[in-house]
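Working notes, beginning with the structure itself.
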Amino acid sequence: MMLCQALDPELGLIGAPMIAIDLFGAGLHSKVMVSTDGLGARHIVHDDNSPIRNFIQGIVD
Amino acid sequence: MRVAQVIGRVTLSIQDPSFKGGRWLMVNPLDAGQFNDACTNAPALTNQSTLVAYDNMGAGDGDIVGIVEGAEATAPFDFPIPIDAITVAIFDSLSYEPPVTDS
């Protein structure tokens, strides 16, 4: 599980950190896209009863 | 999921039947600056709103837990249950290292 925090247009941190599951091996200070779609997250972990919501969708180049 | 410290328990004598067997904890969300040290030294209370969260893991006072709020809080249950927040993890350690900026 990764601690992630939203970025503003100048790539400064904004808002409160959130915890997301990571399927791609994102490293420290990677720029990632985080989805907050709970249904999608449950599909990804193959568990309809998982309470997870945030997951890393991809690592931004 | 948010990070919070367990600061107390709630006990009920009359409650919705779907809550049978559950425990309730008072949890205070942490500020980001407290993450690194939180699992070894009890962090101070923050100004964030304290929540009452359903607990199925046996978290105790001072534990640092992950809490899920909203619709996903009810996902672990196979029946309808009116809860807003649930504990989903007890953390051993957290590492928060925001990038250093020049500004």
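As shown in the structure tokens, the chain order sets the letters A, B, ...; within each chain, residues go from 1, and ligands are also counted from 1 in the order they appear.
Using only C-alpha atoms, the part of chain A that sits within 8 Å of chain B is made up of A:Leu3, A:Gly12, A:Leu13, A:Ala16, A:Pro17, A:Met18, A:Ile19, A:Ala20, A:Leu28, A:His29, A:Gly38, A:Asp48, A:Asn49, A:Ser50, A:Pro51, A:Ile52, A:Arg53, A:Asn54.
With only C-alpha atoms taken into account, the protein and nucleic acid residues at most 7 Å from B:Gln5 (excluding it and anything under 4 positions from it in its own chain) are B:Val27, B:Asn28, B:Pro29, B:Leu30, B:Gly62, B:Asp63, B:Ile64, B:Val65.
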Residue list (alpha helix (DSSP H), DSSP) for stretch 21-100 of chain B, as a PyMOL selection string: chain B and resi 35-38
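Counting only C-alpha atoms and comparing A:Asp22, A:Leu11, A:Ala6, A:Met1, the residue that lies closest to A:Gln57 is A:Asp22.
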DSSP-assigned strand (DSSP E or B) members of chain A, reported as a PyMOL selection string: chain A and resi 2-7+13-21+32-35+55-59
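Considering only C-alpha atoms, the residue among B:Leu25, B:Leu12, B:Ala4, B:Cys39 positioned nearest to B:Asn56 is B:Leu25.
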Residue nearest A:Met33 among A:Met2, A:Phe55, A:Gly15, A:His46 (counting only C-alpha atoms): A:Phe55
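In this model, the gap between atom CA of A:His43 and atom CA of A:Asp61 comes to 25.4 Å.
Remark: for B:Phe91, the closest of the candidate residues B:Ser13, B:Asp37, B:Lys20, B:Thr46 is B:Asp37 (distances computed over only C-alpha atoms).
Interatomic distance, atom CA of A:Asp37 to atom CA of B:Ser18: 26.0 Å.
Nearest-residue note for A:Ser35: choosing from A:Ile14, A:Gln5, A:Gly58, A:Asp47, the minimum distance belongs to A:Gly58, counting only C-alpha atoms.
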